[in-house]
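Q: Provided below: final_27.cif, containing mmCIF, C-alpha atoms.
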```cif
data_protein
#
loop_
_atom_site.label_atom_id
_atom_site.label_comp_id
_atom_site.auth_asym_id
_atom_site.auth_seq_id
_atom_site.Cartn_x
_atom_site.Cartn_y
_atom_site.Cartn_z
CA MET A 1 69.56 107.98 76.63
CA PRO A 2 68.96 104.84 78.68
CA SER A 3 65.76 104.52 80.72
CA LYS A 4 65.51 103.63 84.38
CA GLN A 5 64.73 100.08 83.27
CA ASP A 6 67.95 100.03 81.24
CA ILE A 7 69.95 101.25 84.24
CA LEU A 8 68.37 98.59 86.44
CA ASP A 9 69.19 95.94 83.87
CA LEU A 10 72.80 97.13 83.74
CA TYR A 11 73.54 97.78 87.39
CA PHE A 12 70.94 96.34 89.79
CA MET A 13 72.66 93.03 90.40
CA ASP A 14 76.02 94.68 90.96
CA ALA A 15 74.54 97.28 93.33
CA ARG A 16 72.61 94.55 95.17
CA CYS A 17 75.82 92.60 95.65
CA LYS A 18 77.67 95.67 96.97
CA LEU A 19 74.79 96.54 99.31
CA ILE A 20 74.90 93.05 100.83
CA ASP A 21 78.68 93.37 101.13
CA ILE A 22 78.18 96.55 103.18
CA ALA A 23 75.59 94.86 105.37
CA ALA A 24 77.92 91.90 105.91
CA PHE A 25 80.79 94.26 106.73
CA LEU A 26 78.68 95.95 109.43
CA ASP A 27 77.67 92.53 110.80
CA ARG A 28 81.33 91.50 110.81
CA MET A 29 82.27 94.59 112.81
CA ASP A 30 79.52 93.76 115.32
CA ARG A 31 80.71 90.19 115.67
CA PHE A 32 84.32 90.85 116.64
CA ASP A 33 85.75 92.29 119.85
CA GLY A 34 87.74 95.46 120.34
CA ASP A 35 87.20 99.11 119.55
CA ALA A 36 86.52 100.61 116.16
CA ASP A 37 88.28 103.84 115.19
CA TYR A 38 87.51 107.04 113.28
CA ARG A 39 87.18 105.12 110.03
CA PHE A 40 84.10 103.29 111.26
CA ASN A 41 82.54 106.49 112.57
CA GLY A 42 83.23 108.05 109.20
CA PHE A 43 81.63 105.10 107.46
CA HIS A 44 78.42 105.51 109.46
CA GLU A 45 78.41 109.25 108.81
CA ALA A 46 78.82 108.54 105.10
CA LEU A 47 75.89 106.12 105.16
CA ASP A 48 73.76 108.84 106.74
CA ALA A 49 74.98 111.33 104.13
CA MET A 50 74.07 108.93 101.34
CA LEU A 51 70.50 108.69 102.64
CA LYS A 52 70.20 112.44 103.27
CA PRO A 53 72.48 114.11 100.71
CA GLY A 54 70.75 117.50 100.71
CA GLU A 55 71.62 119.56 97.64
CA GLN A 56 74.54 117.33 96.62
CA SER A 57 74.43 114.08 94.72
CA ARG A 58 74.69 111.00 96.93
CA ALA A 59 78.19 110.24 95.65
CA GLN A 60 79.30 113.79 96.40
CA ALA A 61 77.75 113.62 99.87
CA VAL A 62 79.59 110.39 100.68
CA LEU A 63 82.90 111.65 99.30
CA ASN A 64 82.63 114.98 101.11
CA THR A 65 81.80 113.22 104.39
CA LEU A 66 84.88 111.05 104.00
CA SER A 67 87.09 114.07 103.22
CA ASP A 68 89.41 116.18 105.34
CA GLN A 69 87.56 119.52 105.55
CA THR A 70 90.46 121.55 106.94
CA VAL A 71 91.96 124.19 104.69
CA GLU A 72 95.56 124.83 105.77
CA PRO A 73 98.51 122.67 104.61
CA ILE A 74 99.89 120.53 107.43
CA PRO A 75 103.43 121.12 108.74
CA LYS A 76 104.82 117.68 107.91
CA ALA A 77 103.70 114.29 106.58
CA ILE A 78 104.09 111.44 109.03
CA ILE A 79 102.82 108.82 106.57
CA GLN A 80 102.64 108.61 102.78
CA GLY A 81 99.31 106.80 102.42
CA ALA A 82 95.70 107.62 103.19
CA PHE A 83 93.10 105.78 105.25
CA GLY A 84 89.85 106.72 103.51
CA ALA A 85 88.29 108.79 106.29
CA PRO A 86 89.38 111.94 108.11
CA ASN A 87 90.75 111.54 111.63
CA LYS A 88 89.02 114.52 113.18
CA GLN A 89 90.67 113.98 116.57
CA ALA A 90 94.05 114.33 114.86
CA GLY A 91 92.91 117.60 113.32
CA ASN A 92 91.84 116.52 109.86
CA MET B 1 104.60 101.46 82.05
CA VAL B 2 107.92 101.05 83.83
CA SER B 3 106.07 98.79 86.27
CA ARG B 4 104.35 96.71 83.59
CA THR B 5 105.31 93.74 81.50
CA THR B 6 105.58 93.81 77.73
CA ASP B 7 102.34 91.80 77.59
CA ASP B 8 100.54 94.99 78.58
CA TYR B 9 101.94 96.88 75.59
CA GLN B 10 100.74 94.04 73.37
CA ALA B 11 97.25 94.06 74.91
CA MET B 12 97.00 97.84 74.58
CA ALA B 13 98.04 97.70 70.94
CA ILE B 14 95.41 95.05 70.20
CA ALA B 15 92.81 97.21 72.00
CA GLY B 16 93.59 100.09 69.61
CA CYS B 17 95.81 102.24 71.81
CA GLU B 18 97.81 104.68 69.64
CA ALA B 19 99.79 106.56 72.27
CA ILE B 20 100.78 106.32 75.91
CA CYS B 21 101.51 109.35 78.06
CA GLU B 22 103.39 108.16 81.11
CA PRO B 23 103.86 110.52 84.03
CA ALA B 24 106.87 110.42 86.30
CA PHE B 25 105.44 108.90 89.45
CA TRP B 26 106.15 107.04 92.67
CA ALA B 27 107.56 103.59 92.01
CA GLY B 28 106.10 102.06 95.17
CA PHE B 29 109.20 102.89 97.18
CA ASP B 30 111.29 106.01 97.77
CA ARG B 31 114.41 106.47 95.67
CA SER B 32 117.46 107.25 97.75
CA SER B 33 119.36 109.58 95.43
CA ALA B 34 118.95 112.10 92.66
CA GLN B 35 120.94 109.69 90.50
CA GLY B 36 118.09 107.21 90.90
CA PHE B 37 115.79 109.78 89.29
CA HIS B 38 118.33 110.42 86.55
CA ASP B 39 118.20 106.73 85.66
CA TYR B 40 114.40 106.83 85.86
CA TYR B 41 114.17 109.81 83.50
CA ARG B 42 116.44 107.96 81.05
CA GLN B 43 114.13 104.97 81.26
CA LEU B 44 111.12 107.21 80.53
CA THR B 45 112.73 109.13 77.68
CA GLU B 46 114.90 106.46 76.04
CA TYR B 47 113.86 102.92 76.90
CA GLU B 48 110.06 102.98 77.16
CA PRO B 49 109.57 104.73 73.78
CA GLN B 50 111.55 101.90 72.19
CA ARG B 51 109.57 99.24 74.04
CA ALA B 52 106.25 100.81 72.99
CA ALA B 53 107.40 101.29 69.38
CA LYS B 54 107.71 97.52 68.97
CA PHE B 55 103.92 97.42 69.18
CA GLY B 56 103.26 100.48 67.04
CA ILE B 57 102.46 102.64 70.07
CA LYS B 58 103.93 106.11 70.54
CA HIS B 59 105.24 106.68 74.04
CA PHE B 60 105.39 110.14 75.62
CA CYS B 61 106.21 111.14 79.18
CA TRP B 62 105.91 113.86 81.79
CA LEU B 63 108.79 114.69 84.13
CA CYS B 64 108.95 115.77 87.77
CA ILE B 65 109.60 114.49 91.25
CA ASN B 66 106.26 113.19 92.41
CA PRO B 67 104.70 114.61 95.58
CA LYS B 68 105.16 111.42 97.62
CA GLU B 69 108.91 111.93 97.42
CA ALA B 70 108.78 115.71 97.73
CA GLU B 71 108.45 116.00 101.50
CA ASP B 72 112.21 116.57 101.81
CA SER B 73 112.44 119.84 99.91
CA GLY B 74 116.25 119.74 99.74
CA PHE B 75 116.18 116.34 98.08
CA ALA B 76 113.32 117.40 95.81
CA ARG B 77 115.29 120.43 94.60
CA GLU B 78 118.31 118.24 93.91
CA VAL B 79 116.11 116.09 91.67
CA MET B 80 114.39 119.07 90.05
CA ALA B 81 117.79 120.46 89.06
CA ILE B 82 118.29 117.56 86.63
CA ILE B 83 114.88 117.89 84.94
CA PRO B 84 115.90 120.65 82.46
CA GLU B 85 118.55 118.39 80.92
CA PHE B 86 115.73 116.06 79.81
CA LEU B 87 113.20 118.67 78.65
CA ASP B 88 114.63 118.68 75.13
CA ALA B 89 114.10 114.93 74.73
CA PRO B 90 111.72 114.42 71.79
CA THR B 91 109.00 112.62 73.76
CA VAL B 92 108.71 114.85 76.83
CA LEU B 93 105.28 116.50 77.01
CA GLY B 94 105.66 118.75 80.02
CA ILE B 95 105.86 118.76 83.82
CA GLY B 96 103.98 116.07 85.73
CA GLU B 97 102.53 114.47 87.58
CA ILE B 98 103.18 117.12 90.17
CA GLY B 99 100.75 117.92 92.93
CA LEU B 100 100.12 117.03 96.52
CA ASN B 101 99.97 113.82 98.53
CA LYS B 102 99.42 114.63 102.21
CA ASN B 103 98.87 118.37 101.66
CA THR B 104 102.00 119.49 103.50
CA ILE B 105 103.75 122.84 103.42
CA SER B 106 106.80 121.28 101.77
CA GLU B 107 104.77 119.47 99.10
CA LEU B 108 103.02 122.74 98.27
CA THR B 109 106.32 124.62 97.99
CA ILE B 110 107.79 122.00 95.65
CA PHE B 111 104.57 121.98 93.65
CA GLU B 112 104.85 125.74 93.14
CA GLU B 113 108.49 125.41 92.08
CA HIS B 114 107.53 122.77 89.51
CA VAL B 115 104.84 125.10 88.17
CA ALA B 116 107.52 127.78 87.77
CA ILE B 117 109.64 125.38 85.69
CA ALA B 118 106.65 124.69 83.43
CA GLN B 119 105.95 128.39 83.05
CA LYS B 120 109.60 129.15 82.29
CA HIS B 121 109.64 126.55 79.49
CA ASP B 122 106.02 127.20 78.41
CA LEU B 123 105.01 123.57 78.90
CA PRO B 124 101.71 121.97 79.84
CA ILE B 125 101.26 120.59 83.35
CA LEU B 126 99.81 117.29 84.56
CA ILE B 127 98.67 117.38 88.17
CA HIS B 128 98.12 114.57 90.64
CA THR B 129 95.52 115.19 93.32
CA PRO B 130 95.75 113.33 96.63
CA HIS B 131 93.79 110.18 97.26
CA LEU B 132 90.84 109.41 99.48
CA GLU B 133 90.30 111.76 102.45
CA ASP B 134 93.05 114.12 101.27
CA LYS B 135 91.68 114.75 97.76
CA LEU B 136 89.17 117.52 98.46
CA LYS B 137 91.56 119.66 100.49
CA GLY B 138 94.46 119.00 98.11
CA THR B 139 92.45 119.92 95.05
CA ARG B 140 91.44 123.21 96.65
CA LEU B 141 95.05 124.00 97.63
CA ILE B 142 96.27 123.16 94.11
CA ILE B 143 93.68 125.36 92.40
CA ASP B 144 94.50 128.26 94.74
CA ALA B 145 98.25 127.87 94.06
CA LEU B 146 97.70 127.78 90.28
CA LYS B 147 95.55 130.89 90.43
CA ASN B 148 98.19 132.67 92.52
CA ALA B 149 100.83 131.73 89.94
CA LYS B 150 98.57 133.04 87.15
CA VAL B 151 98.91 129.82 85.17
CA ASP B 152 96.93 129.53 81.95
CA PRO B 153 94.32 126.95 83.04
CA SER B 154 93.89 125.64 79.51
CA LYS B 155 97.44 124.24 79.71
CA VAL B 156 96.81 122.34 82.95
CA ILE B 157 95.08 119.01 83.49
CA ILE B 158 94.14 118.16 87.06
CA ASP B 159 93.93 114.40 87.34
CA HIS B 160 92.17 111.91 89.60
CA VAL B 161 88.99 113.98 89.81
CA GLU B 162 85.96 112.37 91.38
CA GLU B 163 82.39 113.51 91.90
CA HIS B 164 83.28 116.01 94.64
CA THR B 165 86.19 117.66 92.78
CA ALA B 166 85.32 117.52 89.06
CA GLY B 167 83.07 120.59 89.23
CA MET B 168 85.57 122.87 90.95
CA VAL B 169 88.32 121.89 88.49
CA LEU B 170 86.22 122.45 85.37
CA ASP B 171 84.58 125.61 86.70
CA ALA B 172 88.04 127.13 87.21
CA GLY B 173 88.86 126.50 83.54
CA PHE B 174 91.27 123.60 83.99
CA TRP B 175 91.12 120.29 82.19
CA ALA B 176 89.98 117.36 84.31
CA GLY B 177 91.33 113.82 84.19
CA MET B 178 89.73 110.68 85.58
CA THR B 179 92.13 107.87 86.37
CA LEU B 180 90.33 104.56 86.21
CA TYR B 181 91.03 101.86 88.75
CA PRO B 182 89.57 98.36 89.06
CA GLU B 183 89.02 98.96 92.78
CA SER B 184 89.23 101.57 95.55
CA LYS B 185 88.90 104.70 93.42
CA CYS B 186 87.09 105.82 90.23
CA THR B 187 85.34 102.83 88.66
CA LEU B 188 84.11 102.63 85.08
CA PRO B 189 80.40 103.24 85.82
CA ARG B 190 81.28 106.22 88.02
CA ALA B 191 83.52 107.67 85.32
CA VAL B 192 80.61 107.58 82.90
CA ASP B 193 78.39 109.16 85.58
CA ILE B 194 80.90 112.01 85.93
CA LEU B 195 80.92 112.52 82.15
CA GLU B 196 77.13 112.58 82.07
CA ASN B 197 76.92 115.01 84.99
CA PHE B 198 79.78 117.37 84.10
CA GLY B 199 79.84 117.15 80.30
CA MET B 200 82.26 115.96 77.67
CA GLU B 201 84.34 119.14 77.33
CA ASN B 202 87.88 119.52 78.70
CA ILE B 203 87.85 116.09 80.29
CA TRP B 204 89.61 112.83 79.62
CA MET B 205 90.12 109.48 81.24
CA ASN B 206 93.23 107.39 81.62
CA SER B 207 94.12 103.89 82.72
CA ALA B 208 96.08 103.54 85.94
CA CYS B 209 99.09 101.41 84.92
CA ASP B 210 101.20 101.43 88.03
CA TRP B 211 102.81 98.96 90.44
CA GLY B 212 99.53 98.33 92.29
CA ILE B 213 96.28 96.70 91.22
CA SER B 214 95.54 98.52 87.98
CA ASP B 215 94.39 97.80 84.46
CA PRO B 216 96.08 99.11 81.28
CA LEU B 217 92.87 98.37 79.38
CA ALA B 218 90.66 100.43 81.67
CA VAL B 219 90.06 103.13 79.05
CA ALA B 220 89.13 100.54 76.44
CA LYS B 221 86.75 98.93 78.94
CA CYS B 222 85.24 102.31 79.76
CA MET B 223 84.53 102.79 76.07
CA GLN B 224 82.40 99.65 76.34
CA GLU B 225 80.75 101.07 79.46
CA MET B 226 79.83 104.23 77.55
CA LYS B 227 78.45 102.10 74.75
CA LYS B 228 76.29 100.18 77.23
CA ARG B 229 74.95 103.58 78.38
CA GLN B 230 73.97 104.28 74.78
CA HIS B 231 76.53 107.00 74.11
CA SER B 232 77.26 107.48 70.42
CA GLN B 233 80.52 106.45 68.80
CA GLU B 234 81.19 110.15 68.16
CA THR B 235 80.87 110.98 71.85
CA ILE B 236 83.06 108.07 72.88
CA HIS B 237 85.68 109.03 70.31
CA LYS B 238 85.64 112.63 71.50
CA VAL B 239 86.30 111.69 75.14
CA VAL B 240 88.94 109.03 74.60
CA TYR B 241 90.71 110.44 71.54
CA ASP B 242 89.79 113.98 70.43
CA ASN B 243 89.97 115.53 73.91
CA PRO B 244 93.39 114.09 74.81
CA VAL B 245 94.77 115.02 71.38
CA LYS B 246 93.45 118.58 71.80
CA PHE B 247 95.06 119.02 75.20
CA LEU B 248 98.32 117.25 74.39
CA SER B 249 98.77 119.17 71.14
CA GLN B 250 99.71 122.13 73.33
CA SER B 251 102.99 120.34 73.88
CA PRO B 252 105.47 120.98 71.04
CA ASN B 253 106.63 117.34 71.16
CA PHE B 254 103.21 115.73 70.76
CA SER B 255 102.24 114.30 67.40
CA LEU B 256 100.51 111.15 66.22
#
```
What would you get if you wrote out this structure as structure tokens?
A:
Amino acid sequence: MPSKQDILDLYFMDARCKLIDIAAFLDRMDRFDGDADYRFNGFHEALDAMLKPGEQSRAQAVLNTLSDQTVEPIPKAIIQGAFGAPNKQAGN
Amino acid sequence: MVSRTTDDYQAMAIAGCEAICEPAFWAGFDRSSAQGFHDYYRQLTEYEPQRAAKFGIKHFCWLCINPKEAEDSGFAREVMAIIPEFLDAPTVLGIGEIGLNKNTISELTIFEEHVAIAQKHDLPILIHTPHLEDKLKGTRLIIDALKNAKVDPSKVIIDHVEEHTAGMVLDAGFWAGMTLYPESKCTLPRAVDILENFGMENIWMNSACDWGISDPLAVAKCMQEMKKRQHSQETIHKVVYDNPVKFLSQSPNFSL
């Protein structure tokens, strides 16, 4: 089993890089004009979930926050792809 | 592998790959006729096994109409009608990758009809779960549908699990698959996290080898990731070789 030191040696630099990428993404969103949409709200909610995951793991908390929580199949697909965050105003 | 160059077969052979199990999937665009699928099934059952054999790799496949093209149920049924003619091909493993994409009523109906084909022919099933925000809901709908159809869960692998869906799949007795991507979905370190958190039983990982950004050597690279995490060679071998062989051996056509 690796120790915490081993995990830091393996992943700290990569995680540091990704953390700065997230910070720069948020700065970038601040810098440009126009309105954000549900994806950005979802992103902020996921950041909050990561910091306060409750009983779940942080990864589970982020994934669940960025998931459609409705339970019924939808009548018809209007697109084939996915956007990465639920559009709650559209009902998902 | 229909989307990949021959270089990828060569690289996989050098990396130690013994067999490829290619699901029928979306080719990046919608096919306009059932005949297009007929050609595709011929490519999967006739041409790709020959291409792989040149590198000493056995090539197997799964057949279906994938959920992205199953929204039009009439068209989907037209395609499904030609599947039985290919089920006797010597490299067909079962029905897959069926499942859901946008979690629609039509997708769910076609999914259930595919499951019925698998049950009729007593074949294993490979299941695609939706991506991103649709995965959680789709996985729940799929598990409910399989339970309603009274499918033997040991003959079903539910693919593309992530941290929020792996537990529900394994707890229900199904096999779980992790498809590894270089970006956007399950990365190598996260795949090893999932193994460490959910155990090494009834789970496998596979390399996404499609038309998008994907890496045929992802499984080989994940073996290195497990090694970096100090997993034993026995554990690595179990996850990347023994587990797939155990599941796939339920198909009468699978042998190494």
Q: Specify as a PyMOL selection string each residue included when the PyMOL selection byres ((chain A and resi 2) around 9) is applied to this file.
A: (chain A and resi 1+3-7) or (chain B and resi 228-230)
Q: What's the separation between CA of Glu183 (chain B) and CA of Leu100 (chain B), in Å to one decimal place?
A: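 Those two atoms sit 21.5 Å apart.
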Q: Within 6 Å of chain A, which residues of chain B show up? Give each one with its shortest atom-to-atom distance in Å (one decimal) and the two atoms involved, counting all atoms listed in the file, rows by chain then rising residue number, as JSON lines.
A:
```
{"residue": "B:Asn103", "atom": "CA", "partner": "A:Pro73", "partner_atom": "CA", "distance": 5.2}
{"residue": "B:Thr104", "atom": "CA", "partner": "A:Ile74", "partner_atom": "CA", "distance": 4.6}
{"residue": "B:Ile105", "atom": "CA", "partner": "A:Pro73", "partner_atom": "CA", "distance": 5.4}
{"residue": "B:Leu132", "atom": "CA", "partner": "A:Gly84", "partner_atom": "CA", "distance": 4.9}
{"residue": "B:Glu133", "atom": "CA", "partner": "A:Ser67", "partner_atom": "CA", "distance": 4.0}
{"residue": "B:Asp134", "atom": "CA", "partner": "A:Asp68", "partner_atom": "CA", "distance": 5.8}
{"residue": "B:Glu163", "atom": "CA", "partner": "A:Gln60", "partner_atom": "CA", "distance": 5.5}
{"residue": "B:His164", "atom": "CA", "partner": "A:Gln60", "partner_atom": "CA", "distance": 4.9}
```
Q: Could the residues in this selection be written to a file with C-alpha atoms, as an mmCIF file, in the frame of the given file?
A:
```
data_model
loop_
_atom_site.group_PDB
_atom_site.id
_atom_site.type_symbol
_atom_site.label_atom_id
_atom_site.label_comp_id
_atom_site.auth_asym_id
_atom_site.auth_seq_id
_atom_site.Cartn_x
_atom_site.Cartn_y
_atom_site.Cartn_z
ATOM 1 C CA ASN B 103 98.870 118.370 101.660
ATOM 2 C CA THR B 104 102.000 119.490 103.500
ATOM 3 C CA ILE B 105 103.750 122.840 103.420
ATOM 4 C CA LEU B 132 90.840 109.410 99.480
ATOM 5 C CA GLU B 133 90.300 111.760 102.450
ATOM 6 C CA ASP B 134 93.050 114.120 101.270
ATOM 7 C CA GLU B 163 82.390 113.510 91.900
ATOM 8 C CA HIS B 164 83.280 116.010 94.640
#
```
Q: Name every residue that the PyMOL selection byres ((chain B and resi 13-27) around 9) selects in this structure, writing the answer as a count of residues only with chains first and numbers rising.
A: 43
Q: Which residues would end up in the selection if the PyMOL selection byres ((chain B and resi 199) around 12) were applied here, given that I need the answer as a ChimeraX atom specification?
A: /B:166-167,170-171,175-176,191-198,200-204,235,238-239
Q: Could you check how far CA of His160 (chain B) sits from CA of Gln35 (chain B), in Å to one decimal?
A: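 A separation of 28.9 Å between them.
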Q: Do you know which residues are at most 10 Å from Gln233 (chain B) counting only C-alpha atoms, after dropping those on the same chain fewer than 6 positions away, and could you put them as a PDB file with C-alpha atoms, keeping the file's coordinate frame?
A:
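File around.pdb, as written:
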```pdb
ATOM      1  CA  MET B 223      84.530 102.790  76.070  1.00  0.00           C
ATOM      2  CA  MET B 226      79.830 104.230  77.550  1.00  0.00           C
ATOM      3  CA  LYS B 227      78.450 102.100  74.750  1.00  0.00           C
TER       4      LYS B 227
END
```
Q: Which residue out of A:Asp9, A:Leu51, A:Ala90, A:Phe43 has the minimum interatomic distance to Ile22 (chain A) when only C-alpha atoms are used?
A: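 Looking only at the distances to Ile22 (chain A), the closest residue turns out to be A:Phe43.
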